[in-house]
>>> print(open('data.pdb').read())   # PDB, C-alpha atoms
ATOM      1  CA  MET V 777     -24.595 -56.447  26.139
ATOM      2  CA  GLY V 778     -21.566 -57.653  24.295
ATOM      3  CA  ALA V 779     -19.629 -56.179  21.423
ATOM      4  CA  SER V 780     -21.464 -58.269  18.845
ATOM      5  CA  ARG V 781     -21.631 -56.822  15.352
ATOM      6  CA  VAL V 782     -24.881 -58.465  14.265
ATOM      7  CA  VAL V 783     -27.449 -55.952  13.089
ATOM      8  CA  ASN V 784     -31.088 -56.919  12.763
ATOM      9  CA  GLU V 785     -32.194 -55.906   9.252
ATOM     10  CA  LEU V 786     -35.413 -54.197  10.404
ATOM     11  CA  ALA V 787     -33.556 -52.194  13.066
ATOM     12  CA  LYS V 788     -30.928 -51.226  10.478
ATOM     13  CA  LEU V 789     -33.665 -50.097   8.080
ATOM     14  CA  PHE V 790     -35.326 -47.924  10.762
ATOM     15  CA  PHE V 791     -31.947 -46.456  11.728
ATOM     16  CA  GLU V 792     -30.855 -45.663   8.165
ATOM     17  CA  ASN V 793     -34.240 -44.165   7.249
ATOM     18  CA  THR V 794     -34.166 -41.980  10.357
ATOM     19  CA  LYS V 795     -30.636 -40.612  10.063
ATOM     20  CA  ASN V 796     -30.870 -40.084   6.301
ATOM     21  CA  SER V 797     -34.203 -38.282   6.454
ATOM     22  CA  THR V 798     -34.878 -34.577   6.115
ATOM     23  CA  THR V 799     -36.742 -34.660   9.437
ATOM     24  CA  PHE V 800     -35.487 -34.280  13.008
ATOM     25  CA  GLY V 801     -33.958 -37.772  12.834
ATOM     26  CA  ARG V 802     -31.130 -36.445  10.701
ATOM     27  CA  CYS V 803     -29.511 -35.314  13.966
ATOM     28  CA  LEU V 804     -28.316 -38.953  14.160
ATOM     29  CA  LYS V 805     -26.180 -38.567  11.035
ATOM     30  CA  ASN V 806     -22.928 -39.036  13.002
ATOM     31  CA  VAL V 807     -24.171 -41.992  15.053
ATOM     32  CA  LYS V 808     -22.892 -45.444  14.088
ATOM     33  CA  LEU V 809     -25.061 -48.495  14.725
ATOM     34  CA  ILE V 810     -22.744 -51.221  16.044
ATOM     35  CA  SER V 811     -25.208 -54.003  16.797
ATOM     36  CA  ALA V 812     -28.923 -54.634  17.108
ATOM     37  CA  GLU V 813     -30.187 -58.098  17.952
ATOM     38  CA  SER V 814     -32.400 -59.978  20.379
ATOM     39  CA  GLY V 815     -33.790 -56.818  21.950
ATOM     40  CA  ASN V 816     -30.397 -55.155  22.469
ATOM     41  CA  CYS V 817     -28.766 -52.337  20.568
ATOM     42  CA  ARG V 818     -25.356 -50.672  20.688
ATOM     43  CA  ALA V 819     -24.327 -47.482  18.936
ATOM     44  CA  GLU V 820     -21.484 -45.008  19.212
ATOM     45  CA  PHE V 821     -20.652 -41.452  18.260
ATOM     46  CA  THR V 822     -18.207 -38.666  18.922
ATOM     47  CA  VAL V 823     -19.557 -35.510  20.534
ATOM     48  CA  ASP V 824     -19.239 -32.546  18.180
ATOM     49  CA  GLU V 825     -19.996 -28.861  18.752
ATOM     50  CA  GLU V 826     -23.403 -29.290  17.105
ATOM     51  CA  HIS V 827     -24.373 -31.635  19.985
ATOM     52  CA  THR V 828     -23.570 -29.130  22.731
ATOM     53  CA  ASN V 829     -25.428 -26.559  24.791
ATOM     54  CA  LEU V 830     -24.287 -22.983  25.426
ATOM     55  CA  GLY V 831     -22.062 -24.268  28.250
ATOM     56  CA  GLY V 832     -20.105 -26.387  25.768
ATOM     57  CA  SER V 833     -21.202 -29.811  27.048
ATOM     58  CA  LEU V 834     -23.445 -32.465  25.505
ATOM     59  CA  HIS V 835     -26.991 -31.076  25.275
ATOM     60  CA  GLY V 836     -29.611 -32.840  27.401
ATOM     61  CA  GLY V 837     -32.077 -32.791  24.539
ATOM     62  CA  PHE V 838     -29.635 -34.592  22.279
ATOM     63  CA  THR V 839     -28.885 -37.097  25.035
ATOM     64  CA  SER V 840     -32.628 -37.733  25.398
ATOM     65  CA  THR V 841     -32.983 -38.140  21.633
ATOM     66  CA  LEU V 842     -30.197 -40.731  21.599
ATOM     67  CA  ILE V 843     -31.847 -42.699  24.386
ATOM     68  CA  ASP V 844     -35.248 -42.464  22.661
ATOM     69  CA  CYS V 845     -33.903 -43.655  19.305
ATOM     70  CA  ILE V 846     -31.423 -46.332  20.369
ATOM     71  CA  THR V 847     -33.953 -47.963  22.722
ATOM     72  CA  THR V 848     -36.401 -47.954  19.810
ATOM     73  CA  TYR V 849     -33.916 -49.867  17.638
ATOM     74  CA  ALA V 850     -33.441 -52.316  20.504
ATOM     75  CA  LEU V 851     -37.212 -52.824  20.577
ATOM     76  CA  VAL V 852     -37.387 -53.322  16.808
ATOM     77  CA  SER V 853     -34.636 -55.958  17.055
ATOM     78  CA  HIS V 854     -36.638 -57.721  19.763
ATOM     79  CA  GLY V 855     -39.079 -58.936  17.118
ATOM     80  CA  THR V 856     -42.185 -56.910  17.951
ATOM     81  CA  GLY V 857     -42.296 -55.684  14.366
ATOM     82  CA  THR V 858     -43.069 -52.150  15.510
ATOM     83  CA  PRO V 859     -41.078 -49.198  16.821
ATOM     84  CA  GLY V 860     -44.005 -48.318  19.075
ATOM     85  CA  VAL V 861     -45.018 -44.904  20.368
ATOM     86  CA  SER V 862     -43.380 -43.264  23.370
ATOM     87  CA  VAL V 863     -45.445 -43.145  26.554
ATOM     88  CA  ASN V 864     -42.711 -42.110  28.971
ATOM     89  CA  LEU V 865     -39.039 -41.216  28.738
ATOM     90  CA  HIS V 866     -36.993 -40.651  31.873
ATOM     91  CA  VAL V 867     -33.359 -39.568  31.627
ATOM     92  CA  THR V 868     -30.888 -39.148  34.460
ATOM     93  CA  PHE V 869     -27.863 -37.007  33.574
ATOM     94  CA  MET V 870     -24.787 -38.102  35.502
ATOM     95  CA  LYS V 871     -21.646 -36.654  33.889
ATOM     96  CA  ALA V 872     -20.852 -34.023  31.295
ATOM     97  CA  ALA V 873     -19.436 -34.967  27.903
ATOM     98  CA  PHE V 874     -17.586 -32.542  25.636
ATOM     99  CA  PRO V 875     -16.611 -32.252  21.972
ATOM    100  CA  GLY V 876     -14.169 -35.000  21.084
ATOM    101  CA  ASP V 877     -15.519 -37.459  23.669
ATOM    102  CA  ASN V 878     -16.351 -40.856  22.184
ATOM    103  CA  LEU V 879     -19.568 -42.304  23.608
ATOM    104  CA  ILE V 880     -21.217 -45.719  23.548
ATOM    105  CA  ILE V 881     -24.983 -46.135  23.887
ATOM    106  CA  ASP V 882     -26.164 -49.541  25.083
ATOM    107  CA  ALA V 883     -29.899 -50.183  25.051
ATOM    108  CA  LYS V 884     -31.965 -53.212  25.949
ATOM    109  CA  THR V 885     -35.536 -54.372  25.919
ATOM    110  CA  VAL V 886     -36.374 -55.226  29.516
ATOM    111  CA  ARG V 887     -39.856 -56.529  28.683
ATOM    112  CA  ALA V 888     -42.196 -56.356  25.726
ATOM    113  CA  GLY V 889     -45.755 -57.373  26.529
ATOM    114  CA  LYS V 890     -48.962 -57.178  24.508
ATOM    115  CA  THR V 891     -49.322 -53.405  24.659
ATOM    116  CA  LEU V 892     -46.288 -51.934  26.430
ATOM    117  CA  ALA V 893     -42.536 -52.313  26.124
ATOM    118  CA  TYR V 894     -40.044 -51.318  28.802
ATOM    119  CA  LEU V 895     -36.568 -50.319  27.668
ATOM    120  CA  GLU V 896     -33.362 -49.080  29.286
ATOM    121  CA  ALA V 897     -30.256 -47.376  27.990
ATOM    122  CA  GLU V 898     -26.899 -46.274  29.267
ATOM    123  CA  LEU V 899     -24.732 -43.643  27.618
ATOM    124  CA  LYS V 900     -21.081 -43.935  28.662
ATOM    125  CA  MET V 901     -17.603 -42.831  27.754
ATOM    126  CA  LYS V 902     -15.979 -45.287  25.358
ATOM    127  CA  GLU V 903     -12.694 -44.888  27.185
ATOM    128  CA  GLY V 904     -13.006 -45.597  30.887
ATOM    129  CA  GLY V 905     -16.715 -46.401  30.852
ATOM    130  CA  ALA V 906     -17.877 -43.434  32.980
ATOM    131  CA  ILE V 907     -21.660 -43.181  32.790
ATOM    132  CA  VAL V 908     -22.880 -39.956  31.176
ATOM    133  CA  ALA V 909     -26.623 -40.695  31.346
ATOM    134  CA  ARG V 910     -29.152 -43.452  31.970
ATOM    135  CA  GLY V 911     -32.605 -43.680  30.513
ATOM    136  CA  GLN V 912     -35.819 -45.608  30.940
ATOM    137  CA  HIS V 913     -38.278 -45.628  28.069
ATOM    138  CA  THR V 914     -41.820 -46.985  27.948
ATOM    139  CA  LYS V 915     -43.470 -47.497  24.564
ATOM    140  CA  PHE V 916     -46.986 -48.434  23.519
ATOM    141  CA  ILE V 917     -46.757 -51.339  21.062
ATOM    142  CA  GLY V 918     -50.354 -52.588  21.024
ATOM    143  CA  GLN V 919     -52.689 -52.540  18.091
TER     144      GLN V 919
END
>>> encode(input="data.pdb", output="structure tokens")
Amino acid sequence: MGASRVVNELAKLFFENTKNSTTFGRCLKNVKLISAESGNCRAEFTVDEEHTNLGGSLHGGFTSTLIDCITTYALVSHGTGTPGVSVNLHVTFMKAAFPGDNLIIDAKTVRAGKTLAYLEAELKMKEGGAIVARGQHTKFIGQ
């Protein structure tokens, strides 16, 4: 996925409505959507204390939320017209991130069929590219 700055309007609408809500999605308030097009999505954010666990590193739950949401925006930009409903989310945690670390989240739609979509994401350090986490997300998109 390149550094394109094209943002699919539907994906942008979902993103803005989520992060500006009064619901759980407001945890994305510091995330910046960089691009969303053709089934791919890129976002970035800087880890802050509010994103950390008691050990001071990026919380696994927040990492999982990022993967869930950014893959969803990738799916919306794919043209399915739906964000779908999560069936499975698998996250592998590979490296700790700490307050001040700048992270990039790249997500892509691997396949979107009639009822299921398969998505992948990678969370990595903006500087140096070290992988923090990888995720696989399956969503139900059927009627």
>>> closest_residue(input="data.pdb", among="V:Ala787, V:Ala888, V:Leu830, V:Ile907", to="Val852 in chain V", atoms="all atoms listed in the file")
V:Ala787
>>> atom_distance(input="data.pdb", atom1="CA of Cys817 in chain V", atom2="CA of Pro875 in chain V")
23.5 Å
>>> resolve_selection(input="data.pdb", expression="the PyMOL selection byres ((chain V and resi 832) around 12)", output="number ranges by chain")
V: 823-831, 833-836, 872-876
>>> residues_around(input="data.pdb", residues="Ile843 in chain V", least_positions_apart="5", cutoff="8 Å", atoms="only C-alpha atoms", output="list in words")
Ile881, Ala883, Ala897, Glu898, Leu899, Gly911 and His913 of chain V
>>> resolve_selection(input="data.pdb", expression="the PyMOL selection byres ((chain V and resi 853) around 10)", output="list in words")
Val783, Asn784, Glu785, Leu786, Ala787, Lys788, Ser811, Ala812, Glu813, Ser814, Gly815, Asn816, Cys817, Thr847, Thr848, Tyr849, Ala850, Leu851, Val852, His854, Gly855, Thr856, Gly857, Thr858, Pro859, Lys884 and Thr885 of chain V
>>> residues_around(input="data.pdb", residues="Phe800 in chain V", least_positions_apart="3", cutoff="12 Å", atoms="all atoms listed in the file", output="short mmCIF file (atom, residue, chain, number, x, y, z; two decimals) with C-alpha atoms, in the frame of the given file")
data_model
loop_
_atom_site.label_atom_id
_atom_site.label_comp_id
_atom_site.auth_asym_id
_atom_site.auth_seq_id
_atom_site.Cartn_x
_atom_site.Cartn_y
_atom_site.Cartn_z
CA ASN V 793 -34.24 -44.16 7.25
CA THR V 794 -34.17 -41.98 10.36
CA LYS V 795 -30.64 -40.61 10.06
CA ASN V 796 -30.87 -40.08 6.30
CA SER V 797 -34.20 -38.28 6.45
CA CYS V 803 -29.51 -35.31 13.97
CA LEU V 804 -28.32 -38.95 14.16
CA LYS V 805 -26.18 -38.57 11.04
CA PHE V 838 -29.64 -34.59 22.28
CA THR V 841 -32.98 -38.14 21.63
CA LEU V 842 -30.20 -40.73 21.60
CA CYS V 845 -33.90 -43.66 19.30
#
>>> axis_aligned_box(input="data.pdb", around="range 828-836 of chain V", padding_each_side="4 Å", output="AutoDock Vina command-line options")
--center_x -24.9 --center_y -27.9 --center_z 25.5 --size_x 17.5 --size_y 17.9 --size_z 13.5
>>> closest_residue(input="data.pdb", among="V:Asn806, V:Thr891, V:Gln912, V:Thr822", to="Glu792 in chain V", atoms="only C-alpha atoms")
V:Asn806
>>> atom_distance(input="data.pdb", atom1="CA of Ala819 in chain V", atom2="CA of Thr798 in chain V")
21.0 Å
>>> atom_distance(input="data.pdb", atom1="CA of Phe790 in chain V", atom2="CA of Asp877 in chain V")
25.9 Å
>>> closest_residue(input="data.pdb", among="V:Lys900, V:Leu789, V:Leu865, V:Leu895", to="Asn878 in chain V", atoms="only C-alpha atoms")
V:Lys900
>>> closest_residue(input="data.pdb", among="V:Met901, V:Val807, V:Ala906, V:Leu892", to="Ser862 in chain V", atoms="all atoms listed in the file")
V:Leu892
>>> residues_near_point(input="data.pdb", point="(-48.4, -49.4, 24.5)", cutoff="9 Å", atoms="all atoms listed in the file", output="JSON, numbers by chain")
{"V": [860, 861, 862, 863, 889, 890, 891, 892, 893, 914, 915, 916, 917, 918, 919]}
>>> decode(input="data.pdb", residues="range 848-897 of chain V", atoms="N, CA and C atoms", output="compact mmCIF listing (two decimals), in the first residue's frame")
# COMPACT_ATOMS: atom_id res chain seq x y z
N THR V 848 -11.96 -2.15 8.77
CA THR V 848 -13.34 -1.85 8.37
C THR V 848 -13.38 -0.71 7.36
N TYR V 849 -12.56 0.32 7.56
CA TYR V 849 -12.53 1.42 6.59
C TYR V 849 -11.94 0.95 5.26
N ALA V 850 -11.01 0.02 5.31
CA ALA V 850 -10.50 -0.57 4.07
C ALA V 850 -11.62 -1.28 3.33
N LEU V 851 -12.43 -2.04 4.08
CA LEU V 851 -13.55 -2.76 3.47
C LEU V 851 -14.56 -1.79 2.86
N VAL V 852 -14.89 -0.73 3.58
CA VAL V 852 -15.84 0.26 3.07
C VAL V 852 -15.31 0.88 1.78
N SER V 853 -14.01 1.12 1.71
CA SER V 853 -13.43 1.72 0.50
C SER V 853 -13.35 0.74 -0.66
N HIS V 854 -13.56 -0.54 -0.36
CA HIS V 854 -13.52 -1.58 -1.39
C HIS V 854 -14.75 -1.50 -2.29
N GLY V 855 -15.83 -0.91 -1.78
CA GLY V 855 -17.03 -0.75 -2.59
C GLY V 855 -18.15 -1.70 -2.22
N THR V 856 -18.04 -2.37 -1.08
CA THR V 856 -19.12 -3.28 -0.67
C THR V 856 -20.34 -2.51 -0.21
N GLY V 857 -20.15 -1.25 0.19
CA GLY V 857 -21.26 -0.44 0.66
C GLY V 857 -21.66 -0.73 2.10
N THR V 858 -20.93 -1.61 2.76
CA THR V 858 -21.26 -1.96 4.14
C THR V 858 -19.98 -2.12 4.96
N PRO V 859 -20.04 -1.75 6.24
CA PRO V 859 -18.88 -2.01 7.10
C PRO V 859 -18.85 -3.45 7.59
N GLY V 860 -19.95 -4.18 7.42
CA GLY V 860 -20.01 -5.56 7.84
C GLY V 860 -20.07 -5.71 9.35
N VAL V 861 -20.07 -6.97 9.78
CA VAL V 861 -20.12 -7.33 11.19
C VAL V 861 -18.98 -8.31 11.45
N SER V 862 -18.22 -8.07 12.49
CA SER V 862 -17.07 -8.92 12.78
C SER V 862 -17.48 -10.35 13.11
N VAL V 863 -16.77 -11.30 12.50
CA VAL V 863 -16.95 -12.72 12.76
C VAL V 863 -15.74 -13.24 13.53
N ASN V 864 -14.57 -12.74 13.16
CA ASN V 864 -13.33 -13.19 13.79
C ASN V 864 -12.30 -12.07 13.70
N LEU V 865 -11.54 -11.90 14.77
CA LEU V 865 -10.45 -10.94 14.79
C LEU V 865 -9.27 -11.61 15.48
N HIS V 866 -8.18 -11.73 14.76
CA HIS V 866 -6.98 -12.37 15.31
C HIS V 866 -5.85 -11.36 15.27
N VAL V 867 -5.23 -11.11 16.41
CA VAL V 867 -4.14 -10.14 16.49
C VAL V 867 -2.91 -10.81 17.07
N THR V 868 -1.79 -10.61 16.40
CA THR V 868 -0.50 -11.07 16.89
C THR V 868 0.31 -9.85 17.31
N PHE V 869 0.71 -9.82 18.58
CA PHE V 869 1.47 -8.70 19.13
C PHE V 869 2.96 -9.04 19.02
N MET V 870 3.73 -8.16 18.38
CA MET V 870 5.10 -8.49 18.06
C MET V 870 6.15 -7.60 18.71
N LYS V 871 5.78 -6.37 19.06
CA LYS V 871 6.76 -5.43 19.63
C LYS V 871 5.99 -4.39 20.43
N ALA V 872 6.56 -3.98 21.53
CA ALA V 872 5.92 -2.95 22.35
C ALA V 872 6.09 -1.57 21.71
N ALA V 873 5.09 -0.73 21.93
CA ALA V 873 5.16 0.68 21.54
C ALA V 873 4.87 1.49 22.80
N PHE V 874 5.44 2.68 22.87
CA PHE V 874 5.37 3.50 24.08
C PHE V 874 4.93 4.92 23.74
N PRO V 875 4.49 5.67 24.75
CA PRO V 875 4.08 7.05 24.50
C PRO V 875 5.16 7.81 23.72
N GLY V 876 4.69 8.53 22.71
CA GLY V 876 5.60 9.28 21.84
C GLY V 876 5.92 8.55 20.55
N ASP V 877 5.71 7.23 20.51
CA ASP V 877 5.97 6.48 19.27
C ASP V 877 4.90 6.82 18.23
N ASN V 878 5.36 7.10 17.01
CA ASN V 878 4.45 7.35 15.90
C ASN V 878 4.24 6.05 15.15
N LEU V 879 2.97 5.67 14.97
CA LEU V 879 2.63 4.41 14.33
C LEU V 879 1.82 4.62 13.07
N ILE V 880 2.02 3.71 12.13
CA ILE V 880 1.25 3.65 10.88
C ILE V 880 0.44 2.36 10.91
N ILE V 881 -0.80 2.43 10.48
CA ILE V 881 -1.65 1.24 10.36
C ILE V 881 -2.02 1.10 8.89
N ASP V 882 -1.57 0.02 8.28
CA ASP V 882 -1.92 -0.29 6.89
C ASP V 882 -2.88 -1.46 6.90
N ALA V 883 -4.01 -1.30 6.23
CA ALA V 883 -5.00 -2.37 6.16
C ALA V 883 -5.39 -2.60 4.71
N LYS V 884 -5.75 -3.86 4.42
CA LYS V 884 -6.18 -4.16 3.05
C LYS V 884 -7.28 -5.21 3.06
N THR V 885 -8.10 -5.13 2.04
CA THR V 885 -9.12 -6.13 1.81
C THR V 885 -8.47 -7.22 0.98
N VAL V 886 -8.35 -8.40 1.54
CA VAL V 886 -7.76 -9.53 0.83
C VAL V 886 -8.77 -10.10 -0.16
N ARG V 887 -10.01 -10.25 0.32
CA ARG V 887 -11.09 -10.78 -0.54
C ARG V 887 -12.41 -10.39 0.07
N ALA V 888 -13.33 -9.95 -0.77
CA ALA V 888 -14.70 -9.69 -0.34
C ALA V 888 -15.62 -10.48 -1.25
N GLY V 889 -16.25 -11.50 -0.69
CA GLY V 889 -17.16 -12.34 -1.46
C GLY V 889 -18.60 -11.89 -1.28
N LYS V 890 -19.53 -12.84 -1.43
CA LYS V 890 -20.95 -12.51 -1.29
C LYS V 890 -21.35 -12.31 0.16
N THR V 891 -20.76 -13.07 1.06
CA THR V 891 -21.17 -12.98 2.46
C THR V 891 -20.03 -12.69 3.44
N LEU V 892 -18.80 -12.98 3.05
CA LEU V 892 -17.68 -12.76 3.96
C LEU V 892 -16.59 -11.93 3.31
N ALA V 893 -15.92 -11.13 4.14
CA ALA V 893 -14.77 -10.36 3.68
C ALA V 893 -13.59 -10.73 4.57
N TYR V 894 -12.43 -10.84 3.96
CA TYR V 894 -11.20 -11.18 4.66
C TYR V 894 -10.25 -9.99 4.56
N LEU V 895 -9.79 -9.52 5.71
CA LEU V 895 -8.99 -8.31 5.78
C LEU V 895 -7.72 -8.55 6.58
N GLU V 896 -6.70 -7.76 6.31
CA GLU V 896 -5.44 -7.86 7.05
C GLU V 896 -4.96 -6.46 7.39
N ALA V 897 -4.21 -6.37 8.48
CA ALA V 897 -3.63 -5.09 8.87
C ALA V 897 -2.27 -5.30 9.50
